[in-house]
$ cat start_8.cif   # mmCIF, C-alpha atoms
data_model
loop_
_atom_site.label_atom_id
_atom_site.label_comp_id
_atom_site.auth_asym_id
_atom_site.auth_seq_id
_atom_site.Cartn_x
_atom_site.Cartn_y
_atom_site.Cartn_z
CA PRO A 207 112.49 49.53 -21.37
CA TYR A 208 112.81 48.12 -17.89
CA ALA A 209 111.82 49.83 -14.62
CA ALA A 210 113.60 48.75 -11.44
CA MET A 211 111.71 47.15 -8.59
CA ALA A 212 109.99 49.58 -6.20
CA GLU A 213 111.80 49.95 -2.89
CA SER A 214 108.59 49.16 -1.06
CA HIS A 215 104.91 48.67 -1.72
CA ALA A 216 104.15 51.91 0.14
CA MET A 217 106.18 54.08 -2.25
CA GLY A 218 104.20 53.21 -5.35
CA ASP A 219 104.57 54.80 -8.80
CA ALA A 220 103.32 58.33 -9.40
CA PHE A 221 101.90 59.55 -12.73
CA LYS A 222 100.94 63.11 -13.58
CA SER A 223 97.22 63.44 -14.22
CA ALA A 224 94.76 66.18 -15.10
CA ASN A 225 94.35 67.53 -11.57
CA GLY A 226 97.47 66.29 -9.83
CA GLU A 227 98.72 62.74 -9.91
CA ILE A 228 97.65 59.16 -9.50
CA THR A 229 99.78 56.69 -7.59
CA ILE A 230 99.80 52.93 -8.11
CA HIS A 231 100.82 50.64 -5.25
CA PRO A 232 101.19 46.93 -6.12
CA VAL A 233 100.13 44.86 -3.11
CA SER A 234 100.10 41.17 -4.03
CA HIS A 235 99.42 39.01 -7.12
CA ALA A 236 96.37 40.82 -8.59
CA SER A 237 95.74 43.27 -5.75
CA PHE A 238 96.75 46.91 -5.95
CA VAL A 239 95.81 50.32 -4.58
CA MET A 240 95.43 53.37 -6.82
CA THR A 241 95.17 56.82 -5.29
CA THR A 242 93.71 59.60 -7.44
CA PRO A 243 92.64 63.21 -6.87
CA ALA A 244 89.05 61.92 -6.76
CA GLY A 245 89.69 59.15 -4.23
CA THR A 246 91.24 55.74 -3.73
CA ILE A 247 90.55 52.58 -5.72
CA TYR A 248 91.37 49.05 -4.55
CA ASN A 249 91.52 46.31 -7.17
CA ASP A 250 90.76 42.70 -6.17
CA PRO A 251 91.79 43.20 -2.53
CA VAL A 252 92.62 39.90 -0.81
CA GLY A 253 95.11 38.69 1.77
CA GLY A 254 93.82 40.30 4.95
CA ALA A 255 93.50 43.85 6.21
CA SER A 256 97.14 44.04 7.32
CA LEU A 257 98.28 44.26 3.68
CA TYR A 258 96.39 47.55 3.33
CA GLU A 259 97.58 49.27 6.49
CA GLY A 260 98.97 52.69 5.71
CA PHE A 261 96.86 53.15 2.58
CA PRO A 262 93.85 55.49 2.43
CA ALA A 263 90.55 53.70 2.93
CA PRO A 264 88.95 52.63 -0.36
CA ASP A 265 86.37 54.89 -1.93
CA LEU A 266 85.84 52.29 -4.67
CA ILE A 267 86.64 48.58 -4.83
CA LEU A 268 86.77 46.76 -8.17
CA ILE A 269 86.47 42.96 -8.17
CA THR A 270 86.98 41.06 -11.40
CA HIS A 271 85.70 37.61 -10.39
CA HIS A 272 85.09 35.14 -7.58
CA HIS A 273 88.33 33.14 -7.36
CA GLY A 274 90.00 33.33 -3.97
CA ASP A 275 93.04 35.21 -5.27
CA HIS A 276 90.70 38.03 -6.37
CA PHE A 277 87.73 37.91 -3.99
CA ASP A 278 88.00 37.47 -0.23
CA PRO A 279 84.90 38.36 1.83
CA GLU A 280 86.90 38.53 5.07
CA THR A 281 89.30 41.09 3.64
CA LEU A 282 86.40 43.10 2.25
CA ALA A 283 84.63 43.12 5.61
CA ALA A 284 87.77 44.48 7.25
CA ILE A 285 88.53 47.29 4.78
CA VAL A 286 85.12 48.54 3.63
CA THR A 287 83.95 51.77 5.24
CA ASP A 288 80.59 53.51 5.21
CA ASP A 289 81.78 55.52 2.20
CA THR A 290 83.06 52.61 0.09
CA ALA A 291 81.32 51.64 -3.15
CA LEU A 292 81.95 48.36 -4.98
CA ILE A 293 81.78 47.25 -8.60
CA THR A 294 81.82 43.51 -9.28
CA ASN A 295 80.80 40.91 -11.81
CA PRO A 296 77.44 39.13 -11.19
CA THR A 297 79.03 36.00 -9.68
CA VAL A 298 80.76 38.02 -6.97
CA PHE A 299 77.64 40.12 -6.40
CA GLU A 300 75.58 37.03 -5.63
CA ALA A 301 78.21 35.87 -3.12
CA LEU A 302 78.28 39.16 -1.19
CA PRO A 303 76.52 39.57 2.16
CA GLU A 304 73.39 41.68 1.95
CA GLU A 305 74.99 44.70 3.63
CA LEU A 306 77.62 44.86 0.86
CA LYS A 307 75.15 44.22 -1.97
CA ALA A 308 73.42 47.48 -1.04
CA ARG A 309 76.56 49.44 -1.95
CA THR A 310 77.59 47.35 -4.97
CA GLN A 311 76.94 47.72 -8.70
CA SER A 312 76.93 44.41 -10.56
CA LEU A 313 78.29 44.71 -14.10
CA SER A 314 78.13 42.06 -16.79
CA ASN A 315 80.45 42.14 -19.80
CA GLY A 316 79.72 45.31 -21.77
CA ASP A 317 77.94 47.10 -18.92
CA SER A 318 79.18 50.36 -17.46
CA ALA A 319 78.74 52.37 -14.28
CA GLU A 320 79.46 55.90 -13.13
CA ALA A 321 81.96 56.43 -10.31
CA PHE A 322 84.50 59.12 -9.50
CA GLY A 323 82.95 61.29 -12.19
CA THR A 324 83.98 58.81 -14.87
CA THR A 325 82.58 55.77 -16.65
CA ILE A 326 83.87 52.35 -15.62
CA GLN A 327 83.26 49.77 -18.31
CA ALA A 328 83.25 46.01 -17.74
CA LEU A 329 85.12 44.15 -20.47
CA PRO A 330 85.12 40.40 -21.06
CA ALA A 331 87.84 38.28 -19.49
CA TYR A 332 88.02 34.67 -20.64
CA ASN A 333 90.16 31.97 -22.24
CA LEU A 334 90.34 30.86 -25.85
CA THR A 335 92.58 27.79 -25.67
CA GLU A 336 90.54 24.57 -25.89
CA ASP A 337 91.88 22.92 -22.72
CA ARG A 338 91.56 26.15 -20.67
CA LEU A 339 88.02 27.23 -21.48
CA GLN A 340 86.85 26.64 -17.91
CA TYR A 341 89.58 28.95 -16.50
CA PRO A 342 87.47 31.11 -16.99
CA PRO A 343 84.56 30.59 -19.42
CA GLN A 344 83.36 33.37 -21.67
CA GLY A 345 80.75 35.76 -20.28
CA ARG A 346 81.36 35.30 -16.56
CA ASP A 347 84.32 37.42 -15.44
CA ASN A 348 85.29 41.06 -15.91
CA GLY A 349 88.16 43.25 -16.87
CA TYR A 350 87.73 47.01 -16.45
CA VAL A 351 88.52 50.15 -18.43
CA PHE A 352 88.15 53.60 -16.91
CA SER A 353 89.68 57.06 -16.75
CA ALA A 354 91.63 57.90 -13.59
CA ASP A 355 91.82 61.71 -13.60
CA GLY A 356 92.36 61.74 -17.35
CA LEU A 357 94.59 58.64 -17.59
CA ARG A 358 92.92 55.70 -19.31
CA VAL A 359 93.47 52.50 -17.31
CA TYR A 360 92.88 48.89 -18.36
CA ILE A 361 92.72 46.10 -15.77
CA ALA A 362 92.61 42.85 -17.72
CA GLY A 363 91.63 40.48 -14.89
CA ASP A 364 92.06 36.78 -15.67
CA THR A 365 92.12 36.39 -19.43
CA GLU A 366 93.98 35.23 -22.48
CA ASP A 367 94.71 37.61 -25.36
CA ILE A 368 91.10 37.84 -26.47
CA PRO A 369 89.82 39.93 -29.40
CA GLU A 370 88.19 42.42 -27.01
CA MET A 371 91.61 43.11 -25.47
CA ARG A 372 93.34 43.42 -28.84
CA ALA A 373 90.70 45.94 -29.95
CA LEU A 374 91.58 48.42 -27.19
CA SER A 375 93.33 51.69 -27.96
CA ASP A 376 94.42 54.87 -26.21
CA ILE A 377 95.39 53.03 -23.04
CA ASP A 378 97.77 54.91 -20.74
CA ILE A 379 98.25 52.20 -18.09
CA ALA A 380 97.52 48.49 -18.50
CA PHE A 381 97.64 45.57 -16.06
CA VAL A 382 98.18 42.34 -17.98
CA PRO A 383 98.13 38.84 -16.41
CA MET A 384 100.03 35.68 -17.11
CA ASN A 385 99.85 32.44 -15.18
CA LEU A 386 99.89 28.83 -16.32
CA PRO A 387 98.78 26.04 -16.44
CA ASN A 388 95.24 26.96 -15.34
CA GLY A 389 94.63 29.65 -17.92
CA ARG A 390 95.72 33.21 -18.59
CA MET A 391 98.73 33.70 -20.89
CA PRO A 392 102.37 32.72 -21.10
CA PRO A 393 104.76 35.72 -21.19
CA THR A 394 105.20 35.67 -24.98
CA ALA A 395 101.45 35.79 -25.64
CA ALA A 396 101.00 38.57 -23.09
CA ALA A 397 103.79 40.57 -24.75
CA ASP A 398 102.29 40.05 -28.21
CA CYS A 399 98.98 41.45 -27.00
CA VAL A 400 100.68 44.43 -25.37
CA LYS A 401 102.41 45.20 -28.67
CA ILE A 402 98.97 45.48 -30.28
CA ILE A 403 97.20 47.62 -27.69
CA ARG A 404 100.37 49.72 -27.09
CA PRO A 405 99.75 51.23 -23.65
CA ASP A 406 102.17 53.90 -22.49
CA VAL A 407 102.84 51.85 -19.34
CA VAL A 408 102.25 48.16 -18.68
CA TYR A 409 102.33 46.30 -15.39
CA PRO A 410 102.73 42.53 -15.69
CA TYR A 411 100.81 41.06 -12.76
CA HIS A 412 99.19 37.78 -11.72
CA TYR A 413 102.29 35.91 -12.87
CA ARG A 414 103.52 33.78 -9.94
CA GLU A 415 106.41 31.66 -11.29
CA GLN A 416 106.15 32.79 -14.91
CA PRO A 417 109.47 34.13 -16.32
CA ILE A 418 108.91 37.88 -16.32
CA ASP A 419 112.31 38.39 -17.97
CA VAL A 420 110.84 36.83 -21.13
CA PHE A 421 107.99 39.36 -21.12
CA VAL A 422 110.42 42.24 -20.59
CA GLU A 423 112.75 41.07 -23.38
CA GLU A 424 109.87 40.70 -25.84
CA LEU A 425 108.98 44.38 -25.26
CA ARG A 426 112.53 45.75 -25.03
CA ASP A 427 112.42 47.48 -28.42
CA GLU A 428 108.88 48.81 -28.01
CA PRO A 429 108.08 52.37 -26.84
CA ILE A 430 106.28 50.95 -23.81
CA ASP A 431 107.32 51.50 -20.19
CA VAL A 432 107.34 48.04 -18.60
CA ARG A 433 106.87 48.38 -14.85
CA VAL A 434 108.12 45.19 -13.19
CA ARG A 435 107.22 45.27 -9.52
CA ASP A 436 107.45 42.76 -6.70
CA TRP A 437 103.90 41.41 -6.49
CA TYR A 438 105.19 38.48 -4.42
CA PRO A 439 106.96 39.65 -1.26
CA PRO A 440 108.51 36.87 0.84
CA VAL A 441 105.33 36.21 2.84
CA ASP A 442 103.54 35.28 -0.43
CA ARG A 443 106.19 33.02 -1.94
#
$ encode --input "start_8.cif" --output "structure tokens"
Amino acid sequence: PYAAMAESHAMGDAFKSANGEITIHPVSHASFVMTTPAGTIYNDPVGGASLYEGFPAPDLILITHHHGDHFDPETLAAIVTDDTALITNPTVFEALPEELKARTQSLSNGDSAEAFGTTIQALPAYNLTEDRLQYPPQGRDNGYVFSADGLRVYIAGDTEDIPEMRALSDIDIAFVPMNLPNGRMPPTAAADCVKIIRPDVVYPYHYREQPIDVFVEELRDEPIDVRVRDWYPPVDR
């Protein structure tokens, strides 16, 4: 299955949930905004405050790791409000200014935290291939699994198709990366992993110049809704 490109970032994709709907708005690369009946989640917000104009202020910000395409202190300073909470991995936590540390929960792999009336679990995100082990190493960076108003969401972060990913089940919406040569997965490996975890909906993200058509074709005969969206508007190319 193939979903057409969204007409704009602002439109987003709406999904029925327990108490209304959640809406997913791809922003850029690995950054997206998710609105839910309980509040608004930003994932790995970078790129400056202007990219988030028109979206509700974040109630919760998730940050997977410290690389500049996932963690930008200047963007955080511009979008955080007095009501914003953050969840990060320990490396990002240590890099935060003190005023943000006070509102941040630091989660290592396997840890969990309560937010939005649900449990957010930090999963490992790392590479397996011998020449990519430093992009990233095991035990440092996070993916996240949580329930968004009854829909189970998996944000993989930067990772190859690790055993912890392949062991997941009952995922409604998954965000799966690919990006070479400095780690992550080629499209075929990403598709193979998606076939195992079988989410209802998958968003390929963090792909830059990778051939998304290959990923889509690999999943064409699977009962999985592949949501291809434009994570790289002209300003980012």
$ closest_residue --input "start_8.cif" --among "A:Asp355, A:Glu320, A:Glu300, A:Asp398" --to "Lys222 (chain A)" --atoms "all atoms listed in the file"
A:Asp355
$ resolve_selection --input "start_8.cif" --expression "the PyMOL selection byres ((chain A and resi 302) around 12)" --output "short mmCIF file (atom, residue, chain, number, x, y, z; two decimals) with C-alpha atoms, in the coordinates of the input"
data_model
loop_
_atom_site.label_atom_id
_atom_site.label_comp_id
_atom_site.auth_asym_id
_atom_site.auth_seq_id
_atom_site.Cartn_x
_atom_site.Cartn_y
_atom_site.Cartn_z
CA ILE A 269 86.47 42.96 -8.17
CA HIS A 271 85.70 37.61 -10.39
CA HIS A 272 85.09 35.14 -7.58
CA PHE A 277 87.73 37.91 -3.99
CA ASP A 278 88.00 37.47 -0.23
CA PRO A 279 84.90 38.36 1.83
CA GLU A 280 86.90 38.53 5.07
CA LEU A 282 86.40 43.10 2.25
CA ALA A 283 84.63 43.12 5.61
CA LEU A 292 81.95 48.36 -4.98
CA ILE A 293 81.78 47.25 -8.60
CA THR A 294 81.82 43.51 -9.28
CA ASN A 295 80.80 40.91 -11.81
CA PRO A 296 77.44 39.13 -11.19
CA THR A 297 79.03 36.00 -9.68
CA VAL A 298 80.76 38.02 -6.97
CA PHE A 299 77.64 40.12 -6.40
CA GLU A 300 75.58 37.03 -5.63
CA ALA A 301 78.21 35.87 -3.12
CA PRO A 303 76.52 39.57 2.16
CA GLU A 304 73.39 41.68 1.95
CA GLU A 305 74.99 44.70 3.63
CA LEU A 306 77.62 44.86 0.86
CA LYS A 307 75.15 44.22 -1.97
CA ALA A 308 73.42 47.48 -1.04
CA ARG A 309 76.56 49.44 -1.95
CA THR A 310 77.59 47.35 -4.97
CA GLN A 311 76.94 47.72 -8.70
CA SER A 312 76.93 44.41 -10.56
#
$ closest_residue --input "start_8.cif" --among "A:Leu329, A:Val252, A:Met384, A:Ala291" --to "Pro264 (chain A)" --atoms "only C-alpha atoms"
A:Ala291
$ resolve_selection --input "start_8.cif" --expression "the PyMOL selection byres ((chain A and resi 255) around 9)" --output "PDB file with C-alpha atoms, in the coordinates of the input"
ATOM      1  CA  PRO A 251      91.790  43.200  -2.530  1.00  0.00           C
ATOM      2  CA  VAL A 252      92.620  39.900  -0.810  1.00  0.00           C
ATOM      3  CA  GLY A 253      95.110  38.690   1.770  1.00  0.00           C
ATOM      4  CA  GLY A 254      93.820  40.300   4.950  1.00  0.00           C
ATOM      5  CA  SER A 256      97.140  44.040   7.320  1.00  0.00           C
ATOM      6  CA  LEU A 257      98.280  44.260   3.680  1.00  0.00           C
ATOM      7  CA  TYR A 258      96.390  47.550   3.330  1.00  0.00           C
ATOM      8  CA  GLU A 259      97.580  49.270   6.490  1.00  0.00           C
ATOM      9  CA  GLU A 280      86.900  38.530   5.070  1.00  0.00           C
ATOM     10  CA  THR A 281      89.300  41.090   3.640  1.00  0.00           C
ATOM     11  CA  LEU A 282      86.400  43.100   2.250  1.00  0.00           C
ATOM     12  CA  ALA A 283      84.630  43.120   5.610  1.00  0.00           C
ATOM     13  CA  ALA A 284      87.770  44.480   7.250  1.00  0.00           C
ATOM     14  CA  ILE A 285      88.530  47.290   4.780  1.00  0.00           C
TER      15      ILE A 285
END
$ resolve_selection --input "start_8.cif" --expression "the PyMOL selection byres ((chain A and resi 248) around 10)" --output "list in words"
Ile230, His231, Val233, Ser237, Phe238, Val239, Met240, Thr241, Thr246, Ile247, Asn249, Asp250, Pro251, Val252, Tyr258, Phe261, Pro262, Ala263, Pro264, Asp265, Leu266, Ile267, Leu268, Ile269, Ile285 and Leu292 of chain A
$ atom_distance --input "start_8.cif" --atom1 "CA of Leu374 (chain A)" --atom2 "CA of Pro405 (chain A)"
9.3 Å
$ atom_distance --input "start_8.cif" --atom1 "CA of Ile403 (chain A)" --atom2 "CA of Tyr350 (chain A)"
14.7 Å
$ atom_distance --input "start_8.cif" --atom1 "CA of Tyr413 (chain A)" --atom2 "CA of Ala362 (chain A)"
12.9 Å
$ residues_around --input "start_8.cif" --residues "Ala380 (chain A)" --least-positions-apart "6" --cutoff "10 Å" --atoms "all atoms listed in the file" --output "mmCIF file with C-alpha atoms, in the frame of the given file"
data_model
loop_
_atom_site.group_PDB
_atom_site.id
_atom_site.type_symbol
_atom_site.label_atom_id
_atom_site.label_comp_id
_atom_site.auth_asym_id
_atom_site.auth_seq_id
_atom_site.Cartn_x
_atom_site.Cartn_y
_atom_site.Cartn_z
ATOM 1 C CA VAL A 351 88.520 50.150 -18.430
ATOM 2 C CA ARG A 358 92.920 55.700 -19.310
ATOM 3 C CA VAL A 359 93.470 52.500 -17.310
ATOM 4 C CA TYR A 360 92.880 48.890 -18.360
ATOM 5 C CA ILE A 361 92.720 46.100 -15.770
ATOM 6 C CA ALA A 362 92.610 42.850 -17.720
ATOM 7 C CA VAL A 400 100.680 44.430 -25.370
ATOM 8 C CA ILE A 403 97.200 47.620 -27.690
ATOM 9 C CA ARG A 404 100.370 49.720 -27.090
ATOM 10 C CA PRO A 405 99.750 51.230 -23.650
ATOM 11 C CA ASP A 406 102.170 53.900 -22.490
ATOM 12 C CA VAL A 407 102.840 51.850 -19.340
ATOM 13 C CA VAL A 408 102.250 48.160 -18.680
ATOM 14 C CA TYR A 409 102.330 46.300 -15.390
ATOM 15 C CA PRO A 410 102.730 42.530 -15.690
ATOM 16 C CA TYR A 411 100.810 41.060 -12.760
ATOM 17 C CA VAL A 432 107.340 48.040 -18.600
#
$ closest_residue --input "start_8.cif" --among "A:Asp419, A:Pro392, A:Pro343, A:Ile379" --to "Asp431 (chain A)" --atoms "all atoms listed in the file"
A:Ile379
$ closest_residue --input "start_8.cif" --among "A:Arg433, A:Asp317, A:Ser375, A:Phe221" --to "Thr242 (chain A)" --atoms "all atoms listed in the file"
A:Phe221
$ closest_residue --input "start_8.cif" --among "A:Gly323, A:Pro383, A:Pro243, A:Pro330" --to "His412 (chain A)" --atoms "only C-alpha atoms"
A:Pro383
$ closest_residue --input "start_8.cif" --among "A:Pro232, A:Gly245, A:Pro439, A:Gly349" --to "Ala321 (chain A)" --atoms "all atoms listed in the file"
A:Gly245
